[in-house]
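Chemist: Sending over entry_24.json (JSON, C-alpha atoms and all ligand atoms).
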[["chain", "number", "residue", "atom", "x", "y", "z"],
["T", 1, "MET", "CA", 112.91, 95.69, 58.29],
["T", 2, "LEU", "CA", 112.42, 96.99, 61.82],
["T", 3, "SER", "CA", 109.76, 99.59, 62.51],
["T", 4, "LYS", "CA", 110.85, 102.80, 64.21],
["T", 5, "LYS", "CA", 109.16, 101.76, 67.45],
["T", 6, "VAL", "CA", 110.79, 98.34, 67.52],
["T", 7, "GLN", "CA", 114.19, 99.84, 66.72],
["T", 8, "GLU", "CA", 113.77, 102.36, 69.54],
["T", 9, "ILE", "CA", 112.81, 99.81, 72.17],
["T", 10, "LEU", "CA", 115.61, 97.44, 71.11],
["T", 11, "ASN", "CA", 118.11, 100.30, 71.34],
["T", 12, "GLU", "CA", 116.85, 100.95, 74.86],
["T", 13, "GLN", "CA", 117.39, 97.28, 75.63],
["T", 14, "ILE", "CA", 120.94, 97.51, 74.24],
["T", 15, "LYS", "CA", 121.57, 100.23, 76.80],
["T", 16, "ILE", "CA", 120.05, 98.13, 79.61],
["T", 17, "GLU", "CA", 122.25, 95.13, 78.72],
["T", 18, "ALA", "CA", 125.32, 97.40, 78.56],
["T", 19, "GLU", "CA", 124.44, 98.89, 81.95],
["T", 20, "SER", "CA", 123.87, 95.40, 83.36],
["T", 21, "SER", "CA", 127.40, 94.53, 82.30],
["T", 22, "GLN", "CA", 128.68, 97.65, 84.09],
["T", 23, "VAL", "CA", 126.62, 96.92, 87.23],
["T", 24, "TYR", "CA", 128.17, 93.43, 87.53],
["T", 25, "LEU", "CA", 131.61, 94.71, 86.60],
["T", 26, "ALA", "CA", 131.39, 97.15, 89.53],
["T", 27, "MET", "CA", 130.32, 94.27, 91.82],
["T", 28, "ALA", "CA", 133.28, 92.23, 90.54],
["T", 29, "SER", "CA", 135.77, 95.00, 91.21],
["T", 30, "TRP", "CA", 134.35, 95.54, 94.71],
["T", 31, "ALA", "CA", 134.39, 91.77, 95.43],
["T", 32, "GLU", "CA", 137.97, 91.50, 94.19],
["T", 33, "ILE", "CA", 139.25, 93.67, 97.03],
["T", 34, "GLN", "CA", 137.28, 91.78, 99.72],
["T", 35, "PRO", "CA", 139.28, 89.01, 101.40],
["T", 36, "GLY", "CA", 138.56, 85.35, 100.61],
["T", 37, "ILE", "CA", 135.84, 85.57, 97.97],
["T", 38, "ASP", "CA", 137.78, 84.80, 94.82],
["T", 39, "ASN", "CA", 135.01, 82.68, 93.27],
["T", 40, "VAL", "CA", 132.32, 85.27, 94.04],
["T", 41, "THR", "CA", 134.61, 87.72, 92.24],
["T", 42, "SER", "CA", 134.89, 85.37, 89.23],
["T", 43, "PHE", "CA", 131.12, 84.90, 89.24],
["T", 44, "PHE", "CA", 130.55, 88.67, 88.93],
["T", 45, "TYR", "CA", 133.21, 89.04, 86.21],
["T", 46, "GLN", "CA", 131.64, 86.17, 84.25],
["T", 47, "HIS", "CA", 128.18, 87.62, 84.69],
["T", 48, "SER", "CA", 129.38, 90.99, 83.45],
["T", 49, "GLU", "CA", 130.86, 89.34, 80.37],
["T", 50, "GLU", "CA", 127.59, 87.46, 79.69],
["T", 51, "GLU", "CA", 125.66, 90.74, 79.78],
["T", 52, "ARG", "CA", 128.08, 92.19, 77.24],
["T", 53, "GLN", "CA", 127.31, 89.20, 74.99],
["T", 54, "HIS", "CA", 123.58, 89.87, 75.41],
["T", 55, "MET", "CA", 124.18, 93.46, 74.32],
["T", 56, "LEU", "CA", 126.20, 92.36, 71.27],
["T", 57, "LYS", "CA", 123.53, 89.84, 70.24],
["T", 58, "LEU", "CA", 120.98, 92.68, 70.20],
["T", 59, "ILE", "CA", 123.32, 95.03, 68.29],
["T", 60, "HIS", "CA", 123.84, 92.43, 65.55],
["T", 61, "PHE", "CA", 120.11, 91.66, 65.36],
["T", 62, "VAL", "CA", 119.13, 95.33, 64.97],
["T", 63, "ASN", "CA", 121.77, 95.96, 62.30],
["T", 64, "GLU", "CA", 121.03, 92.74, 60.40],
["T", 65, "ARG", "CA", 117.32, 93.62, 60.24],
["T", 66, "GLY", "CA", 117.96, 96.93, 58.51],
["T", 67, "GLY", "CA", 118.01, 99.11, 61.63],
["T", 68, "PHE", "CA", 120.84, 100.97, 63.30],
["T", 69, "ALA", "CA", 122.03, 99.92, 66.74],
["T", 70, "THR", "CA", 123.17, 103.02, 68.60],
["T", 71, "ILE", "CA", 125.89, 102.65, 71.23],
["T", 72, "PRO", "CA", 124.74, 104.43, 74.37],
["T", 73, "ALA", "CA", 126.42, 106.50, 77.07],
["T", 74, "LEU", "CA", 126.35, 104.63, 80.36],
["T", 75, "SER", "CA", 125.67, 105.81, 83.88],
["T", 76, "GLN", "CA", 128.00, 104.92, 86.74],
["T", 77, "PRO", "CA", 126.77, 101.90, 88.68],
["T", 78, "GLN", "CA", 126.82, 101.42, 92.47],
["T", 79, "LEU", "CA", 130.49, 100.97, 93.38],
["T", 80, "THR", "CA", 130.50, 99.58, 96.92],
["T", 81, "PHE", "CA", 128.22, 97.35, 99.02],
["T", 82, "PRO", "CA", 127.75, 96.99, 102.77],
["T", 83, "SER", "CA", 128.00, 93.19, 102.42],
["T", 84, "ILE", "CA", 128.00, 90.32, 99.93],
["T", 85, "LYS", "CA", 124.31, 89.78, 100.69],
["T", 86, "HIS", "CA", 123.59, 93.40, 99.70],
["T", 87, "ALA", "CA", 125.38, 92.88, 96.39],
["T", 88, "PHE", "CA", 123.32, 89.75, 95.64],
["T", 89, "ASP", "CA", 120.10, 91.52, 96.65],
["T", 90, "ALA", "CA", 120.97, 94.27, 94.18],
["T", 91, "LEU", "CA", 121.70, 91.63, 91.54],
["T", 92, "LEU", "CA", 118.28, 90.02, 91.99],
["T", 93, "LYS", "CA", 116.47, 93.37, 91.85],
["T", 94, "HIS", "CA", 118.40, 94.25, 88.71],
["T", 95, "GLU", "CA", 117.47, 90.98, 87.01],
["T", 96, "VAL", "CA", 113.78, 91.49, 87.82],
["T", 97, "PHE", "CA", 114.02, 94.96, 86.27],
["T", 98, "VAL", "CA", 115.67, 93.49, 83.13],
["T", 99, "SER", "CA", 112.94, 90.84, 82.82],
["T", 100, "GLU", "CA", 110.33, 93.61, 82.89],
["T", 101, "SER", "CA", 112.17, 95.54, 80.21],
["T", 102, "ILE", "CA", 112.33, 92.43, 77.97],
["T", 103, "ASN", "CA", 108.56, 92.07, 78.43],
["T", 104, "LYS", "CA", 108.14, 95.67, 77.26],
["T", 105, "CYS", "CA", 110.16, 94.88, 74.12],
["T", 106, "ILE", "CA", 107.86, 91.93, 73.46],
["T", 107, "ASP", "CA", 104.76, 94.11, 73.95],
["T", 108, "VAL", "CA", 106.06, 96.53, 71.31],
["T", 109, "ALA", "CA", 107.08, 93.74, 68.89],
["T", 110, "LEU", "CA", 103.59, 92.22, 69.11],
["T", 111, "ALA", "CA", 101.85, 95.58, 68.76],
["T", 112, "GLU", "CA", 103.92, 96.16, 65.60],
["T", 113, "LYS", "CA", 103.20, 92.60, 64.36],
["T", 114, "ASP", "CA", 106.96, 91.99, 64.24],
["T", 115, "TYR", "CA", 107.00, 88.23, 64.74],
["T", 116, "ALA", "CA", 110.69, 87.84, 63.89],
["T", 117, "THR", "CA", 111.63, 90.16, 66.76],
["T", 118, "HIS", "CA", 109.12, 88.44, 69.01],
["T", 119, "ASN", "CA", 110.77, 85.11, 68.18],
["T", 120, "PHE", "CA", 114.28, 86.52, 68.70],
["T", 121, "LEU", "CA", 113.31, 87.85, 72.13],
["T", 122, "GLN", "CA", 112.22, 84.43, 73.37],
["T", 123, "TRP", "CA", 115.91, 83.63, 73.96],
["T", 124, "TYR", "CA", 116.05, 86.58, 76.37],
["T", 125, "VAL", "CA", 112.87, 85.43, 78.13],
["T", 126, "ALA", "CA", 114.45, 82.02, 78.79],
["T", 127, "GLU", "CA", 117.71, 83.63, 79.88],
["T", 128, "GLN", "CA", 115.93, 85.88, 82.37],
["T", 129, "ILE", "CA", 114.05, 82.95, 83.90],
["T", 130, "GLU", "CA", 117.41, 81.24, 84.46],
["T", 131, "GLU", "CA", 119.13, 84.34, 85.83],
["T", 132, "GLU", "CA", 116.32, 85.23, 88.22],
["T", 133, "ALA", "CA", 116.27, 81.63, 89.51],
["T", 134, "LEU", "CA", 120.04, 81.74, 90.02],
["T", 135, "ALA", "CA", 119.87, 85.08, 91.85],
["T", 136, "ARG", "CA", 117.08, 83.77, 94.13],
["T", 137, "THR", "CA", 119.08, 80.61, 94.91],
["T", 138, "MET", "CA", 122.12, 82.70, 95.85],
["T", 139, "ASN", "CA", 120.03, 85.02, 98.05],
["T", 140, "ASP", "CA", 118.35, 82.08, 99.81],
["T", 141, "LYS", "CA", 121.73, 80.55, 100.59],
["T", 142, "LEU", "CA", 123.15, 83.85, 101.86],
["T", 143, "GLU", "CA", 120.08, 84.32, 104.05],
["T", 144, "LEU", "CA", 120.77, 80.94, 105.67],
["T", 145, "ILE", "CA", 124.46, 81.69, 106.07],
["T", 146, "GLY", "CA", 123.95, 85.05, 107.81],
["T", 147, "ASP", "CA", 127.20, 86.02, 109.54],
["T", 148, "ASP", "CA", 128.58, 82.49, 109.68],
["T", 149, "LYS", "CA", 132.14, 82.66, 108.32],
["T", 150, "SER", "CA", 132.42, 78.95, 107.53],
["T", 151, "GLY", "CA", 129.12, 79.19, 105.62],
["T", 152, "MET", "CA", 130.57, 82.04, 103.60],
["T", 153, "TYR", "CA", 133.70, 79.99, 102.96],
["T", 154, "MET", "CA", 131.52, 77.22, 101.49],
["T", 155, "PHE", "CA", 129.38, 79.67, 99.54],
["T", 156, "ASP", "CA", 132.50, 81.01, 97.84],
["T", 157, "ARG", "CA", 133.84, 77.46, 97.30],
["T", 158, "ASP", "CA", 130.57, 76.34, 95.64],
["T", 159, "ILE", "CA", 129.29, 79.44, 93.84],
["T", 160, "LEU", "CA", 130.52, 78.56, 90.37],
["T", 161, "SER", "CA", 128.88, 75.12, 90.51],
["T", 162, "ILE", "CA", 125.60, 76.54, 91.94],
["T", 163, "GLY", "CA", 125.36, 78.51, 88.69],
["T", 164, "MET", "CA", 125.85, 75.38, 86.61],
["T", 165, "ASN", "CA", 123.27, 73.37, 88.61],
["T", 166, "VAL", "CA", 120.59, 76.03, 88.13],
["T", 167, "ALA", "CA", 121.34, 76.12, 84.38],
["T", 168, "ASP", "CA", 121.08, 72.30, 84.18],
["T", 169, "LYS", "CA", 117.54, 72.31, 85.62],
["T", 170, "LYS", "CA", 116.27, 74.38, 82.71],
["T", 201, "LIG", "FE1", 121.01, 90.13, 80.04],
["T", 201, "LIG", "O1", 120.66, 88.75, 81.14],
["T", 201, "LIG", "FE2", 120.10, 89.17, 82.87],
["T", 201, "LIG", "O2", 120.21, 90.86, 82.91]]
In structure tokens, how does this file's structure come out?
Ligand code: OFO
Modeler:
Amino acid sequence: MLSKKVQEILNEQIKIEAESSQVYLAMASWAEIQPGIDNVTSFFYQHSEEERQHMLKLIHFVNERGGFATIPALSQPQLTFPSIKHAFDALLKHEVFVSESINKCIDVALAEKDYATHNFLQWYVAEQIEEEALARTMNDKLELIGDDKSGMYMFDRDILSIGMNVADKK
């Protein structure tokens, strides 16, 4: 059975995962109307879908442990970006924020001696390490590319495999 405090913090995390999905969905929609970045667009759509799965995993966990997962209202994310680099900067900042919020959940689980929730959250810790590493890799590459159009062509060509390579190093 979840304590009130653990249920509250996990419901907050459900909202953060749902908003993460919206943030990346907005990036995907913006990218879709930019010329020549079809794979960047797919990357954002896939990332949005993954965040929705993270939200659902939390909803099921809360409900299965005798709590009640509450479905939150969501705020509107940033809709447009001055450049692809700005979008990936925003993605990295958002992932760092999510990692901090997962750490807060763990703090509460430990304070409440809820070791099952602590154990469950380790999956999110590993996921955040991977996602932050991926976002940093993307930002480093975009920094090198600058305004070089052929570099951007290759970034878009390779982006889906960059994601897989970072995941393989785990
Ligand atoms: Fe939910 O994985 Fe990152 O944010």
Chemist: With a distance cut-off of 7 Å and all atoms listed in the file, select the neighbouring residues of region 76-90 of chain T, excluding the residue or stretch itself and same-chain residues fewer than 3 positions from it, and output the selection as a ChimeraX atom specification.
Modeler: /T:22-23,26-27,30,93-94,135,139,142
Chemist: Restricting the calculation to all atoms listed in the file, which member of T:Glu64, T:Asp114, T:Asp148, T:Glu17 is positioned closest to ligand LIG 201 (chain T)?
Modeler: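 Among T:Glu64, T:Asp114, T:Asp148, T:Glu17, it is T:Glu17 that comes nearest to ligand LIG 201 (chain T).
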Chemist: Taking all atoms listed in the file into account, list the residues no farther than 7 Å from ligand LIG 201 (chain T), as a PDB file with C-alpha atoms, in the frame of the given file.
Modeler:
ATOM      1  CA  GLU T  17     122.250  95.130  78.720  1.00  0.00           C
ATOM      2  CA  SER T  20     123.870  95.400  83.360  1.00  0.00           C
ATOM      3  CA  GLU T  51     125.660  90.740  79.780  1.00  0.00           C
ATOM      4  CA  HIS T  54     123.580  89.870  75.410  1.00  0.00           C
ATOM      5  CA  HIS T  94     118.400  94.250  88.710  1.00  0.00           C
ATOM      6  CA  GLU T  95     117.470  90.980  87.010  1.00  0.00           C
ATOM      7  CA  VAL T  98     115.670  93.490  83.130  1.00  0.00           C
ATOM      8  CA  TYR T 124     116.050  86.580  76.370  1.00  0.00           C
ATOM      9  CA  GLU T 127     117.710  83.630  79.880  1.00  0.00           C
ATOM     10  CA  GLN T 128     115.930  85.880  82.370  1.00  0.00           C
ATOM     11  CA  GLU T 131     119.130  84.340  85.830  1.00  0.00           C
TER      12      GLU T 131
END
Chemist: What separation in Å, quoted to one decimal, exists between CA of Ile33 (chain T) and CA of Leu144 (chain T)?
Modeler: 24.0 Å
Chemist: Quick one: distance from CA of His60 (chain T) to CA of Ser101 (chain T) in Å, one decimal?
Modeler: 19.0 Å
Chemist: Hey, what's within 12 Å of region 155-162 of chain T if we count all atoms listed in the file and toss same-chain stuff fewer than 4 positions away? As a ChimeraX atom specification, please?
Modeler: /T:31,34-47,84-85,131,133-146,148-151,166-169
Chemist: Please provide the set of residues having any atom within 9 Å of Phe61 (chain T), restricted to all atoms listed in the file, with same-chain residues fewer than 5 positions apart removed, written as number ranges by chain.
Modeler: T: 56, 66-67, 69, 117, 120
Chemist: Next, dump the selected residues to file, keeping only C-alpha atoms, as a PDB file, in the frame of the given file.
Modeler:
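Now in part-v1.pdb:
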ATOM      1  CA  LEU T  56     126.200  92.360  71.270  1.00  0.00           C
ATOM      2  CA  GLY T  66     117.960  96.930  58.510  1.00  0.00           C
ATOM      3  CA  GLY T  67     118.010  99.110  61.630  1.00  0.00           C
ATOM      4  CA  ALA T  69     122.030  99.920  66.740  1.00  0.00           C
ATOM      5  CA  THR T 117     111.630  90.160  66.760  1.00  0.00           C
ATOM      6  CA  PHE T 120     114.280  86.520  68.700  1.00  0.00           C
TER       7      PHE T 120
END
Chemist: Nearest to Ala116 (chain T) among T:Ala73, T:Leu25, T:Glu12, T:Ser3, with distances taken over all atoms listed in the file: which residue is it?
Modeler: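 Among the listed residues, T:Ser3 lies closest to Ala116 (chain T).
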Chemist: Rank nothing, just name the residue among T:Leu121, T:Val62, T:Leu74, T:Leu92 nearest to Lys104 (chain T), using only C-alpha atoms.
Modeler: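 Of T:Leu121, T:Val62, T:Leu74, T:Leu92, the one nearest Lys104 (chain T), counting only C-alpha atoms, is T:Leu121.
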Chemist: Grab the CA of Cys105 (chain T) to CA of Leu10 (chain T) distance for me, in Å with one decimal place.
Modeler: 6.7 Å
Chemist: Using only C-alpha atoms, which residue out of T:Ile71, T:Ile16, T:Ala28, T:Val6 lies closest to Asp107 (chain T)?
Modeler: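 Checking each of T:Ile71, T:Ile16, T:Ala28, T:Val6 against Asp107 (chain T), counting only C-alpha atoms, the winner is T:Val6.
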Chemist: Using only C-alpha atoms for the distances, tell me which of T:Gln7, T:Asp147, T:Glu50, T:Asn103 is nearest to Arg65 (chain T).
Modeler: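 Counting only C-alpha atoms, the residue closest to Arg65 (chain T) is T:Gln7.
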Chemist: Out of T:Glu19, T:Glu49, T:Glu130, T:Glu8, which residue has the shortest atom-to-atom distance to Ala109 (chain T) when counting all atoms listed in the file?
Modeler: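 For Ala109 (chain T), the nearest of the given residues is T:Glu8.
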Chemist: Could the centre and edge lengths of an axis-aligned box, enclosing all atoms of region 140-157 of chain T in the file with 3 Å extra on each side, be given in Å to one decimal as AutoDock Vina command-line options?
Modeler:
--center_x 126.1 --center_y 81.6 --center_z 103.5 --size_x 21.5 --size_y 14.8 --size_z 18.4
Chemist: Generate the missing atoms of region 117-134 of chain T up to N, CA and C atoms and report them as an mmCIF file, in the coordinates of the input.
Modeler:
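To be explicit, this is the file written out as out.cif:
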data_model
loop_
_atom_site.group_PDB
_atom_site.id
_atom_site.type_symbol
_atom_site.label_atom_id
_atom_site.label_comp_id
_atom_site.auth_asym_id
_atom_site.auth_seq_id
_atom_site.Cartn_x
_atom_site.Cartn_y
_atom_site.Cartn_z
ATOM 1 N N THR T 117 111.048 89.616 65.523
ATOM 2 C CA THR T 117 111.630 90.160 66.760
ATOM 3 C C THR T 117 111.049 89.449 67.977
ATOM 4 N N HIS T 118 109.763 89.175 67.909
ATOM 5 C CA HIS T 118 109.120 88.440 69.010
ATOM 6 C C HIS T 118 109.842 87.097 69.221
ATOM 7 N N ASN T 119 110.090 86.409 68.118
ATOM 8 C CA ASN T 119 110.770 85.110 68.180
ATOM 9 C C ASN T 119 112.190 85.259 68.721
ATOM 10 N N PHE T 120 112.906 86.255 68.241
ATOM 11 C CA PHE T 120 114.280 86.520 68.700
ATOM 12 C C PHE T 120 114.316 86.767 70.202
ATOM 13 N N LEU T 121 113.314 87.483 70.705
ATOM 14 C CA LEU T 121 113.310 87.850 72.130
ATOM 15 C C LEU T 121 113.019 86.679 73.058
ATOM 16 N N GLN T 122 112.508 85.587 72.497
ATOM 17 C CA GLN T 122 112.220 84.430 73.370
ATOM 18 C C GLN T 122 113.498 83.907 74.037
ATOM 19 N N TRP T 123 114.630 84.054 73.356
ATOM 20 C CA TRP T 123 115.910 83.630 73.960
ATOM 21 C C TRP T 123 116.164 84.433 75.245
ATOM 22 N N TYR T 124 115.835 85.722 75.197
ATOM 23 C CA TYR T 124 116.050 86.580 76.370
ATOM 24 C C TYR T 124 115.070 86.225 77.498
ATOM 25 N N VAL T 125 113.860 85.840 77.113
ATOM 26 C CA VAL T 125 112.870 85.430 78.130
ATOM 27 C C VAL T 125 113.419 84.227 78.899
ATOM 28 N N ALA T 126 113.918 83.229 78.151
ATOM 29 C CA ALA T 126 114.450 82.020 78.790
ATOM 30 C C ALA T 126 115.668 82.354 79.657
ATOM 31 N N GLU T 127 116.502 83.221 79.153
ATOM 32 C CA GLU T 127 117.710 83.630 79.880
ATOM 33 C C GLU T 127 117.347 84.318 81.197
ATOM 34 N N GLN T 128 116.330 85.171 81.148
ATOM 35 C CA GLN T 128 115.930 85.880 82.370
ATOM 36 C C GLN T 128 115.343 84.936 83.414
ATOM 37 N N ILE T 129 114.593 83.933 82.957
ATOM 38 C CA ILE T 129 114.050 82.950 83.900
ATOM 39 C C ILE T 129 115.213 82.286 84.645
ATOM 40 N N GLU T 130 116.243 81.901 83.876
ATOM 41 C CA GLU T 130 117.410 81.240 84.460
ATOM 42 C C GLU T 130 118.153 82.181 85.419
ATOM 43 N N GLU T 131 118.335 83.418 85.006
ATOM 44 C CA GLU T 131 119.130 84.340 85.830
ATOM 45 C C GLU T 131 118.393 84.752 87.103
ATOM 46 N N GLU T 132 117.084 84.920 86.993
ATOM 47 C CA GLU T 132 116.320 85.230 88.220
ATOM 48 C C GLU T 132 116.371 84.042 89.184
ATOM 49 N N ALA T 133 116.234 82.831 88.649
ATOM 50 C CA ALA T 133 116.270 81.630 89.510
ATOM 51 C C ALA T 133 117.628 81.535 90.208
ATOM 52 N N LEU T 134 118.679 81.793 89.455
ATOM 53 C CA LEU T 134 120.040 81.740 90.020
ATOM 54 C C LEU T 134 120.200 82.786 91.123
#
